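The next block is protein37.cif, given as mmCIF, C-alpha atoms.
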```
data_data
loop_
_atom_site.label_atom_id
_atom_site.label_comp_id
_atom_site.auth_asym_id
_atom_site.auth_seq_id
_atom_site.Cartn_x
_atom_site.Cartn_y
_atom_site.Cartn_z
CA MET I 1 136.10 94.09 76.74
CA ALA I 2 138.50 95.52 74.21
CA LYS I 3 141.76 96.41 75.87
CA THR I 4 142.15 100.15 76.41
CA GLU I 5 144.83 101.43 74.07
CA VAL I 6 147.82 103.34 75.36
CA LYS I 7 147.52 107.10 75.86
CA ASN I 8 144.35 108.11 74.05
CA GLY I 9 144.83 105.33 71.49
CA SER I 10 141.11 104.55 71.53
CA LEU I 11 140.31 108.17 70.68
CA ASP I 12 142.91 108.17 67.91
CA ARG I 13 141.26 105.08 66.44
CA LEU I 14 137.86 106.81 66.51
CA LYS I 15 139.36 109.80 64.70
CA ARG I 16 140.68 107.48 62.00
CA ASP I 17 137.28 105.77 61.72
CA LEU I 18 135.64 109.13 61.13
CA ALA I 19 138.31 110.40 58.74
CA GLU I 20 138.03 107.24 56.64
CA GLY I 21 134.23 107.31 56.74
CA LEU I 22 134.11 103.83 58.25
CA PRO I 23 132.73 104.06 61.80
CA SER I 24 132.54 100.76 63.63
CA GLY I 25 129.29 99.01 64.49
CA LEU I 26 129.63 99.11 68.27
CA TYR I 27 131.18 101.74 70.54
CA ILE I 28 131.26 102.48 74.25
CA PHE I 29 131.88 106.16 75.09
CA TYR I 30 132.86 106.97 78.66
CA GLY I 31 135.17 109.17 80.73
CA GLU I 32 135.08 112.52 82.49
CA GLU I 33 135.61 114.82 79.50
CA ASP I 34 132.00 115.55 78.54
CA TYR I 35 132.91 118.08 75.87
CA LEU I 36 134.88 115.61 73.77
CA ARG I 37 132.32 112.85 74.21
CA GLU I 38 129.51 115.05 72.93
CA TYR I 39 131.70 116.44 70.15
CA TYR I 40 132.44 112.98 68.76
CA LEU I 41 128.84 111.85 69.13
CA GLU I 42 127.94 114.83 66.96
CA GLU I 43 130.66 113.88 64.46
CA LEU I 44 129.19 110.37 64.24
CA ARG I 45 125.76 111.86 63.64
CA LYS I 46 127.08 114.06 60.83
CA ARG I 47 128.87 111.17 59.16
CA LEU I 48 126.08 108.62 59.45
CA THR I 49 122.62 110.18 59.54
CA ASP I 50 122.79 113.87 58.61
CA GLY I 51 120.16 114.51 55.96
CA PRO I 52 116.42 114.75 55.31
CA MET I 53 115.70 111.29 56.77
CA GLU I 54 117.66 111.77 60.00
CA SER I 55 114.55 111.49 62.17
CA PHE I 56 114.16 107.91 60.88
CA ASN I 57 117.82 106.92 60.95
CA LEU I 58 118.88 108.36 64.32
CA GLN I 59 117.48 106.96 67.57
CA ARG I 60 118.33 108.32 71.02
CA LEU I 61 117.42 105.99 73.89
CA GLN I 62 117.70 106.22 77.67
CA GLY I 63 119.14 103.19 79.40
CA LYS I 64 116.92 103.36 82.47
CA GLY I 65 114.07 100.93 81.96
CA LEU I 66 115.30 99.91 78.50
CA SER I 67 114.81 96.22 77.76
CA VAL I 68 116.93 94.06 75.48
CA LEU I 69 113.83 93.52 73.34
CA GLN I 70 113.38 97.28 72.85
CA LEU I 71 117.04 97.62 71.95
CA GLU I 72 116.72 94.74 69.47
CA GLN I 73 113.72 96.43 67.84
CA ALA I 74 115.74 99.66 67.45
CA VAL I 75 118.62 97.75 65.84
CA ASP I 76 116.25 95.98 63.44
CA CYS I 77 114.98 99.28 62.00
CA LEU I 78 116.39 99.53 58.47
CA PRO I 79 117.87 102.82 57.26
CA MET I 80 115.63 104.98 55.12
CA MET I 81 117.23 106.55 52.03
CA ASN I 82 120.58 106.20 53.77
CA GLU I 83 123.32 103.60 54.21
CA ARG I 84 123.55 103.59 58.02
CA THR I 85 121.53 104.07 61.18
CA LEU I 86 122.85 105.44 64.46
CA ILE I 87 121.53 104.44 67.88
CA VAL I 88 122.79 106.33 70.95
CA VAL I 89 121.93 104.68 74.27
CA ARG I 90 122.73 106.68 77.40
CA ASN I 91 123.53 105.10 80.75
CA PHE I 92 122.48 101.53 80.05
CA ASP I 93 124.27 99.28 82.53
CA LEU I 94 125.33 96.41 80.31
CA TYR I 95 126.57 94.32 83.20
CA LYS I 96 123.33 94.52 85.17
CA THR I 97 121.19 93.08 82.42
CA PRO I 98 118.75 90.53 83.93
CA GLU I 99 120.20 87.04 83.78
CA GLY I 100 117.45 85.74 81.51
CA ASP I 101 118.26 88.41 78.88
CA ARG I 102 122.04 88.13 78.82
CA GLU I 103 122.30 85.53 76.06
CA GLN I 104 119.92 87.57 73.92
CA LEU I 105 122.03 90.69 74.56
CA ILE I 106 125.27 88.90 73.65
CA HIS I 107 123.74 87.63 70.42
CA LEU I 108 122.44 91.11 69.54
CA LEU I 109 125.73 92.94 70.19
CA THR I 110 127.97 90.38 68.50
CA SER I 111 125.87 90.18 65.34
CA LEU I 112 124.89 93.77 64.62
CA PRO I 113 123.81 94.34 61.03
CA ALA I 114 126.33 96.21 58.86
CA TYR I 115 124.03 99.21 58.55
CA CYS I 116 123.79 99.84 62.31
CA CYS I 117 126.15 101.86 64.50
CA LEU I 118 125.30 101.45 68.17
CA VAL I 119 126.89 103.69 70.82
CA PHE I 120 126.53 103.09 74.55
CA CYS I 121 127.24 106.45 76.14
CA TYR I 122 127.96 106.92 79.86
CA ASP I 123 127.64 110.43 81.27
CA VAL I 124 125.69 110.06 84.53
CA LEU I 125 126.21 106.36 85.16
CA GLU I 126 129.81 105.23 85.63
CA TYR I 127 130.97 102.61 83.16
CA LYS I 128 132.18 99.56 85.09
CA PRO I 129 132.96 96.55 82.90
CA ASP I 130 132.91 93.21 84.68
CA ARG I 131 135.82 91.26 83.22
CA ARG I 132 134.68 88.02 84.86
CA THR I 133 131.53 87.75 82.78
CA LYS I 134 130.72 85.92 79.58
CA LEU I 135 129.41 89.22 78.16
CA TYR I 136 132.83 90.85 78.58
CA SER I 137 134.57 87.98 76.81
CA ALA I 138 132.02 87.85 74.02
CA LEU I 139 132.27 91.55 73.23
CA SER I 140 136.07 91.76 73.20
CA ALA I 141 136.32 91.34 69.44
CA HIS I 142 133.34 93.53 68.58
CA VAL I 143 133.34 96.70 70.68
CA ARG I 144 135.57 99.76 70.58
CA GLU I 145 135.81 101.45 73.95
CA VAL I 146 136.62 105.15 73.76
CA ARG I 147 137.63 106.81 76.99
CA PHE I 148 137.39 110.60 76.95
CA GLU I 149 140.00 111.81 79.42
CA ARG I 150 141.23 115.20 80.54
CA GLN I 151 143.49 116.56 77.84
CA GLU I 152 147.17 117.22 78.35
CA GLN I 153 148.05 120.80 79.28
CA ASN I 154 149.73 121.63 75.95
CA SER I 155 146.71 120.37 74.01
CA LEU I 156 144.38 122.42 76.19
CA VAL I 157 146.45 125.57 75.74
CA ARG I 158 146.26 125.21 71.94
CA TRP I 159 142.53 124.46 72.11
CA ILE I 160 141.91 127.56 74.28
CA ALA I 161 143.83 129.68 71.78
CA ARG I 162 141.67 128.33 68.94
CA ARG I 163 138.45 129.02 70.87
CA PHE I 164 139.48 132.61 71.53
CA SER I 165 140.61 133.01 67.91
CA ALA I 166 137.11 132.01 66.78
CA LEU I 167 135.85 134.92 68.90
CA GLY I 168 138.34 137.31 67.32
CA LYS I 169 140.57 137.31 70.42
CA GLU I 170 144.10 136.31 71.36
CA ILE I 171 145.48 134.85 74.58
CA SER I 172 149.06 134.15 75.63
CA PRO I 173 150.06 130.58 76.53
CA VAL I 174 150.82 131.71 80.11
CA ASP I 175 147.37 133.22 80.55
CA ALA I 176 145.80 130.12 79.00
CA GLU I 177 147.60 128.07 81.66
CA TYR I 178 146.29 130.46 84.31
CA LEU I 179 142.74 129.98 82.99
CA ILE I 180 143.14 126.20 83.21
CA PHE I 181 144.36 126.57 86.79
CA LEU I 182 141.37 128.73 87.75
CA CYS I 183 138.65 126.75 86.00
CA GLY I 184 139.99 123.20 86.01
CA GLY I 185 141.10 121.10 83.10
CA LEU I 186 137.72 119.99 81.74
CA MET I 187 136.81 121.45 78.38
CA THR I 188 133.09 121.81 79.09
CA GLY I 189 133.72 124.24 81.96
CA LEU I 190 136.48 126.03 80.08
CA ALA I 191 134.29 126.55 77.00
CA ALA I 192 131.66 128.39 79.04
CA GLU I 193 134.29 130.59 80.71
CA ILE I 194 135.94 131.38 77.37
CA GLU I 195 132.62 132.63 76.01
CA LYS I 196 132.17 134.90 79.04
CA ILE I 197 135.71 136.25 78.89
CA GLY I 198 135.46 136.86 75.14
CA ALA I 199 132.24 138.82 75.58
CA PHE I 200 133.65 140.84 78.49
CA SER I 201 137.06 141.72 77.04
CA LYS I 202 137.19 145.04 75.19
CA GLY I 203 140.52 144.51 73.48
CA LYS I 204 141.76 141.92 71.02
CA ARG I 205 144.27 140.55 73.52
CA ILE I 206 142.83 138.79 76.57
CA ALA I 207 144.32 140.29 79.74
CA ARG I 208 144.71 138.59 83.12
CA THR I 209 142.28 141.17 84.54
CA ASP I 210 139.64 140.02 82.02
CA ILE I 211 140.01 136.46 83.29
CA ASP I 212 139.82 137.47 86.95
CA ALA I 213 136.79 139.71 86.35
CA VAL I 214 134.34 137.10 85.10
CA THR I 215 135.57 133.56 85.78
CA ILE I 216 134.22 131.40 88.58
CA PRO I 217 137.25 129.58 90.02
CA VAL I 218 137.01 125.94 91.03
CA LEU I 219 137.42 125.06 94.71
CA ASP I 220 141.10 124.12 94.39
CA ALA I 221 141.92 127.49 92.82
CA ASN I 222 140.04 129.42 95.49
CA VAL I 223 141.76 127.51 98.29
CA PHE I 224 145.11 128.04 96.54
CA ARG I 225 144.46 131.79 96.61
CA MET I 226 143.61 131.56 100.29
CA THR I 227 146.75 129.53 100.93
CA ASP I 228 148.77 132.13 99.01
CA ALA I 229 147.37 134.86 101.24
CA VAL I 230 148.24 132.86 104.36
CA LEU I 231 151.78 132.30 103.11
CA SER I 232 152.07 136.03 102.45
CA ARG I 233 150.93 136.71 106.04
CA ASN I 234 147.92 138.51 104.55
CA TYR I 235 145.38 137.22 107.03
CA ASN I 236 142.63 139.68 106.08
CA THR I 237 142.65 138.52 102.45
CA ALA I 238 142.74 134.88 103.53
CA ALA I 239 139.80 135.41 105.86
CA ARG I 240 137.82 137.17 103.12
CA LEU I 241 138.45 134.33 100.69
CA LEU I 242 137.43 131.78 103.32
CA ASP I 243 134.25 133.74 104.00
CA GLU I 244 133.45 133.71 100.26
CA LEU I 245 133.91 129.94 100.14
CA LEU I 246 131.61 129.43 103.11
CA ARG I 247 128.96 131.73 101.61
CA MET I 248 129.15 129.60 98.45
CA GLN I 249 128.03 126.69 100.66
CA GLN I 250 131.33 124.84 100.34
CA PRO I 251 131.50 122.31 103.23
CA PRO I 252 134.22 123.26 105.76
CA ILE I 253 135.51 119.67 105.80
CA LEU I 254 136.03 119.83 102.02
CA ILE I 255 137.77 123.23 102.21
CA LEU I 256 140.07 121.86 104.90
CA ALA I 257 140.80 118.74 102.85
CA VAL I 258 141.94 120.86 99.89
CA LEU I 259 143.89 123.23 102.16
CA GLY I 260 145.64 120.33 103.88
CA LYS I 261 146.49 118.75 100.54
CA GLN I 262 148.00 121.99 99.27
CA MET I 263 150.11 122.34 102.41
CA ARG I 264 151.41 118.80 101.87
CA GLN I 265 152.18 119.70 98.27
CA LEU I 266 154.05 122.78 99.49
CA TYR I 267 156.09 120.62 101.86
CA SER I 268 156.80 118.18 99.02
CA ALA I 269 157.94 121.07 96.84
CA LYS I 270 160.29 122.28 99.59
CA LEU I 271 161.82 118.83 100.01
CA ALA I 272 162.11 118.50 96.23
CA LEU I 273 164.00 121.79 96.08
CA SER I 274 166.40 120.62 98.77
CA GLU I 275 167.13 117.53 96.66
CA GLY I 276 167.62 119.51 93.46
CA ARG I 277 164.41 118.32 91.85
CA GLY I 278 162.24 120.47 89.60
CA PRO I 279 158.52 121.17 89.05
CA SER I 280 158.06 118.07 86.88
CA TYR I 281 158.84 115.89 89.90
CA LEU I 282 156.10 117.54 91.95
CA ALA I 283 153.63 117.34 89.08
CA GLU I 284 154.22 113.61 88.73
CA LEU I 285 154.23 112.95 92.47
CA TRP I 286 150.84 114.61 93.02
CA ASP I 287 149.40 114.12 89.52
CA MET I 288 149.08 117.90 89.21
CA LYS I 289 147.69 118.88 85.81
CA SER I 290 148.11 122.65 86.05
CA THR I 291 151.55 123.87 84.97
CA TRP I 292 150.76 127.30 86.35
CA GLY I 293 149.80 125.83 89.75
CA VAL I 294 152.96 123.72 89.94
CA LYS I 295 155.17 126.71 89.16
CA ARG I 296 153.44 128.85 91.78
CA MET I 297 153.81 126.09 94.36
CA PHE I 298 157.55 125.97 93.72
CA GLU I 299 157.79 129.76 93.94
CA SER I 300 156.07 129.67 97.33
CA ALA I 301 158.26 126.80 98.55
CA ARG I 302 161.40 128.87 97.95
CA SER I 303 160.22 131.40 100.53
CA TYR I 304 159.63 129.04 103.45
CA SER I 305 161.68 126.62 105.49
CA ALA I 306 161.01 122.91 105.65
CA ALA I 307 160.22 123.36 109.36
CA TRP I 308 157.52 125.93 108.51
CA CYS I 309 155.96 123.63 105.91
CA ARG I 310 156.05 120.66 108.26
CA ARG I 311 154.36 122.66 111.02
CA ALA I 312 151.65 123.83 108.59
CA VAL I 313 150.92 120.22 107.62
CA ILE I 314 150.64 119.26 111.31
CA LEU I 315 148.24 122.14 112.06
CA CYS I 316 145.99 121.09 109.15
CA ALA I 317 146.02 117.50 110.41
CA GLN I 318 145.07 118.64 113.90
CA ALA I 319 142.22 120.74 112.49
CA ASP I 320 141.02 117.71 110.53
CA ALA I 321 140.99 115.63 113.73
CA ASP I 322 139.07 118.41 115.53
CA MET I 323 136.41 118.49 112.82
CA LYS I 324 135.99 114.73 112.82
CA SER I 325 135.69 114.63 116.59
CA ARG I 326 132.39 116.53 116.26
CA LYS I 327 133.18 118.36 119.49
CA THR I 328 133.72 121.71 117.77
CA ASP I 329 132.00 123.77 115.08
CA ASP I 330 133.57 123.10 111.66
CA ARG I 331 133.48 126.76 110.65
CA GLU I 332 135.19 127.82 113.86
CA VAL I 333 137.92 125.24 113.32
CA LEU I 334 138.64 126.73 109.90
CA LEU I 335 138.47 130.32 111.10
CA SER I 336 140.91 129.60 113.92
CA LEU I 337 143.26 127.65 111.64
CA LEU I 338 144.13 130.58 109.38
CA PRO I 339 145.68 132.84 112.04
CA ARG I 340 147.51 129.86 113.47
CA LEU I 341 149.04 129.20 110.06
CA ALA I 342 149.88 132.87 109.58
CA ALA I 343 151.49 133.01 113.01
CA ILE I 344 153.98 130.19 112.43
CA GLY I 345 157.47 131.60 112.96
#
```

Render the structure in this file as structure tokens.
Amino acid sequence: MAKTEVKNGSLDRLKRDLAEGLPSGLYIFYGEEDYLREYYLEELRKRLTDGPMESFNLQRLQGKGLSVLQLEQAVDCLPMMNERTLIVVRNFDLYKTPEGDREQLIHLLTSLPAYCCLVFCYDVLEYKPDRRTKLYSALSAHVREVRFERQEQNSLVRWIARRFSALGKEISPVDAEYLIFLCGGLMTGLAAEIEKIGAFSKGKRIARTDIDAVTIPVLDANVFRMTDAVLSRNYNTAARLLDELLRMQQPPILILAVLGKQMRQLYSAKLALSEGRGPSYLAELWDMKSTWGVKRMFESARSYSAAWCRRAVILCAQADADMKSRKTDDREVLLSLLPRLAAIG
């Protein structure tokens, strides 16, 4: 398959295709950023089939149960009162095509008519190209793979500002970073939270209290808050946050996994400080995307000794072993872990 270009290069090429009005014949859209994938599918639709005959020139197909013959019939449909057709096929596993149909599929995809733009889109099914196959080799010169990845923090901050501006609101870069930390770095989830915050906020400027009032934090953010409370020796707050997580049906083993990871990150931050390293080192070491979260982790690390952090990591590891032994109740393991963490000298 076409070699993935460096650092969003495939997406940049798609942008150029659209800007020049010359979309390719064959694309594969995949990756975790749903918002961008759907946005660029819509941009393709606007460029290629928008108009009175769109119902004839745009075909949306589901990959499950789709045969190569049916796909061939869709490709063979000529455009009506238009130059191009667009076919969007969702979750068709190219590399699990029955053996008897593979040659037919290769011929179809390597000889698409000039009027046809065919997009294989993966949102539920994971895209897993098999580089050992003849299909992979045959398509290398014909397909453009576009991987929609999480956006860099600076890009997200600017995008959040634009979304709020469209609602007549303003948000500071720091509060935009905080929103990313709370809701994760995927644009689909952020877009929904931005709409809620914009509707809730009474003033033009988005306040931190507006964000806290209506957002639904992701698991990592909730556990971070709980960890913060533990580090502040505020056991009652930590216990309340843990109770909220359990009532949200979050599995105790998953909560503990995130808690243990954050304690290891705290220990890493402490060691980094002792070596004169900064937040960027921790972010790279743990692949942490949230600037706000990294800064807060470093702030916390300044307040605790390396011995404290090491002991916290050990306690989390012991709790993990207790859960996996199946000899104790998972909830009780978590509930007993918090005071033990808070009681470390």

Can you tell me, as a PDB file with C-alpha atoms, in the frame of the given file, what residues are no more than 10 Å from Tyr267 of chain I when counting all atoms listed in the file, ignoring any on the same chain fewer than 2 positions away?
```pdb
ATOM      1  CA  LYS I 261     146.490 118.750 100.540  1.00  0.00           C
ATOM      2  CA  GLN I 262     148.000 121.990  99.270  1.00  0.00           C
ATOM      3  CA  MET I 263     150.110 122.340 102.410  1.00  0.00           C
ATOM      4  CA  ARG I 264     151.410 118.800 101.870  1.00  0.00           C
ATOM      5  CA  GLN I 265     152.180 119.700  98.270  1.00  0.00           C
ATOM      6  CA  ALA I 269     157.940 121.070  96.840  1.00  0.00           C
ATOM      7  CA  LYS I 270     160.290 122.280  99.590  1.00  0.00           C
ATOM      8  CA  LEU I 271     161.820 118.830 100.010  1.00  0.00           C
ATOM      9  CA  ALA I 272     162.110 118.500  96.230  1.00  0.00           C
ATOM     10  CA  LEU I 273     164.000 121.790  96.080  1.00  0.00           C
ATOM     11  CA  MET I 297     153.810 126.090  94.360  1.00  0.00           C
ATOM     12  CA  PHE I 298     157.550 125.970  93.720  1.00  0.00           C
ATOM     13  CA  ALA I 301     158.260 126.800  98.550  1.00  0.00           C
ATOM     14  CA  TYR I 304     159.630 129.040 103.450  1.00  0.00           C
ATOM     15  CA  SER I 305     161.680 126.620 105.490  1.00  0.00           C
ATOM     16  CA  ALA I 306     161.010 122.910 105.650  1.00  0.00           C
ATOM     17  CA  ALA I 307     160.220 123.360 109.360  1.00  0.00           C
ATOM     18  CA  TRP I 308     157.520 125.930 108.510  1.00  0.00           C
ATOM     19  CA  CYS I 309     155.960 123.630 105.910  1.00  0.00           C
ATOM     20  CA  ARG I 310     156.050 120.660 108.260  1.00  0.00           C
ATOM     21  CA  ARG I 311     154.360 122.660 111.020  1.00  0.00           C
ATOM     22  CA  ALA I 312     151.650 123.830 108.590  1.00  0.00           C
ATOM     23  CA  VAL I 313     150.920 120.220 107.620  1.00  0.00           C
TER      24      VAL I 313
END
```

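Note that atom CA of Gly21 of chain I and atom CA of His142 of chain I are 18.2 Å apart.
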
task = Do a neighbour search on Gln318 of chain I at 12 Å with all atoms listed in the file, toss out local chain neighbours closer than 2 positions, and write the hits as a PyMOL selection string.
result = chain I and resi 256-257+260+311-316+320-325+333-334+336-337+340-341

Q. If we count only C-alpha atoms, what is near segment 109-119 of chain I at a cut-off of 9 Å, once residues fewer than 3 positions away on the same chain are taken out, given as a PyMOL selection string?
A. chain I and resi 23-29+41+48+75-79+83-90+104-106+138-139+141-143

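Evaluating the PyMOL selection byres ((chain I and resi 49) around 8) against the shown model yields Arg45, Lys46, Arg47, Leu48, Asp50, Gly51, Met53, Glu54, Asn57, Leu58, Asn82, Arg84, Thr85 and Leu86 of chain I.
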
Would you mind exporting the chosen residues as a compact mmCIF listing (two decimals), keeping the file's coordinate frame, restricted to C-alpha atoms?
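Below you can see selection-v3.txt, which holds the result:
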```txt
# COMPACT_ATOMS: atom_id res chain seq x y z
CA ARG I 45 125.76 111.86 63.64
CA LYS I 46 127.08 114.06 60.83
CA ARG I 47 128.87 111.17 59.16
CA LEU I 48 126.08 108.62 59.45
CA ASP I 50 122.79 113.87 58.61
CA GLY I 51 120.16 114.51 55.96
CA MET I 53 115.70 111.29 56.77
CA GLU I 54 117.66 111.77 60.00
CA ASN I 57 117.82 106.92 60.95
CA LEU I 58 118.88 108.36 64.32
CA ASN I 82 120.58 106.20 53.77
CA ARG I 84 123.55 103.59 58.02
CA THR I 85 121.53 104.07 61.18
CA LEU I 86 122.85 105.44 64.46
```

So which residues get picked by the PyMOL selection byres ((chain I and resi 207) around 12) here, written as number ranges by chain?
I: 169-176, 178-179, 197-198, 200-206, 208-214

Original post:
What does the distance between atom CA of Ser10 of chain I and atom CA of Phe148 of chain I come to in Å, to one decimal place?
Top reply: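 Distance between the two atoms: 8.9 Å.
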
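Proximity of I:Leu69, I:Leu266, I:Leu94, I:Leu44 to Tyr136 of chain I, computed with only C-alpha atoms, is greatest for I:Leu94.
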
Residue by residue, what does the PyMOL selection byres ((chain I and resi 244) around 12) grab here? Present the result as a short mmCIF file (atom, residue, chain, number, x, y, z; two decimals) with C-alpha atoms, in the frame of the given file.
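Listing of result-v6.cif after writing:
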```cif
data_model
loop_
_atom_site.label_atom_id
_atom_site.label_comp_id
_atom_site.auth_asym_id
_atom_site.auth_seq_id
_atom_site.Cartn_x
_atom_site.Cartn_y
_atom_site.Cartn_z
CA ILE I 216 134.22 131.40 88.58
CA PRO I 217 137.25 129.58 90.02
CA LEU I 219 137.42 125.06 94.71
CA ASN I 222 140.04 129.42 95.49
CA VAL I 223 141.76 127.51 98.29
CA ARG I 225 144.46 131.79 96.61
CA MET I 226 143.61 131.56 100.29
CA THR I 237 142.65 138.52 102.45
CA ALA I 238 142.74 134.88 103.53
CA ALA I 239 139.80 135.41 105.86
CA ARG I 240 137.82 137.17 103.12
CA LEU I 241 138.45 134.33 100.69
CA LEU I 242 137.43 131.78 103.32
CA ASP I 243 134.25 133.74 104.00
CA LEU I 245 133.91 129.94 100.14
CA LEU I 246 131.61 129.43 103.11
CA ARG I 247 128.96 131.73 101.61
CA MET I 248 129.15 129.60 98.45
CA GLN I 249 128.03 126.69 100.66
CA GLN I 250 131.33 124.84 100.34
CA PRO I 251 131.50 122.31 103.23
CA PRO I 252 134.22 123.26 105.76
CA ILE I 255 137.77 123.23 102.21
#
```

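Atom CA of Tyr122 of chain I lies 28.5 Å from atom CA of Glu284 of chain I.
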
Task: Closest of I:Leu11, I:Leu108, I:Ala343, I:Val294 to Glu149 of chain I - atom-to-atom distances counting all atoms listed in the file - done: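 Checking each candidate against Glu149 of chain I, we get I:Leu11 as the closest.
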
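You can rank I:Lys289, I:Ala317, I:Arg326, I:Lys196 by their closest distance to Glu152 of chain I using all atoms listed in the file, and at the top of that list sits I:Lys289.
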
Residue with the minimum atom-to-atom distance to Arg147 of chain I, picked from I:Ile344, I:Thr227, I:Val218, I:Cys121 with all atoms listed in the file counted, is I:Cys121

Starting from the point (159.6, 115.4, 94.0), work out which residues of protein, DNA or RNA have an atom no more than 7 Å away when counting all atoms listed in the file; state them as an mmCIF file with C-alpha atoms, in the frame of the given file.
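What landed in part06.cif:
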```cif
data_model
loop_
_atom_site.group_PDB
_atom_site.id
_atom_site.type_symbol
_atom_site.label_atom_id
_atom_site.label_comp_id
_atom_site.auth_asym_id
_atom_site.auth_seq_id
_atom_site.Cartn_x
_atom_site.Cartn_y
_atom_site.Cartn_z
ATOM 1 C CA SER I 268 156.800 118.180 99.020
ATOM 2 C CA ALA I 269 157.940 121.070 96.840
ATOM 3 C CA ALA I 272 162.110 118.500 96.230
ATOM 4 C CA ARG I 277 164.410 118.320 91.850
ATOM 5 C CA TYR I 281 158.840 115.890 89.900
ATOM 6 C CA LEU I 282 156.100 117.540 91.950
ATOM 7 C CA LEU I 285 154.230 112.950 92.470
#
```

Residue with the minimum atom-to-atom distance to Pro339 of chain I, picked from I:Tyr235, I:Phe56, I:Trp286, I:Trp292 with all atoms listed in the file counted, is I:Tyr235
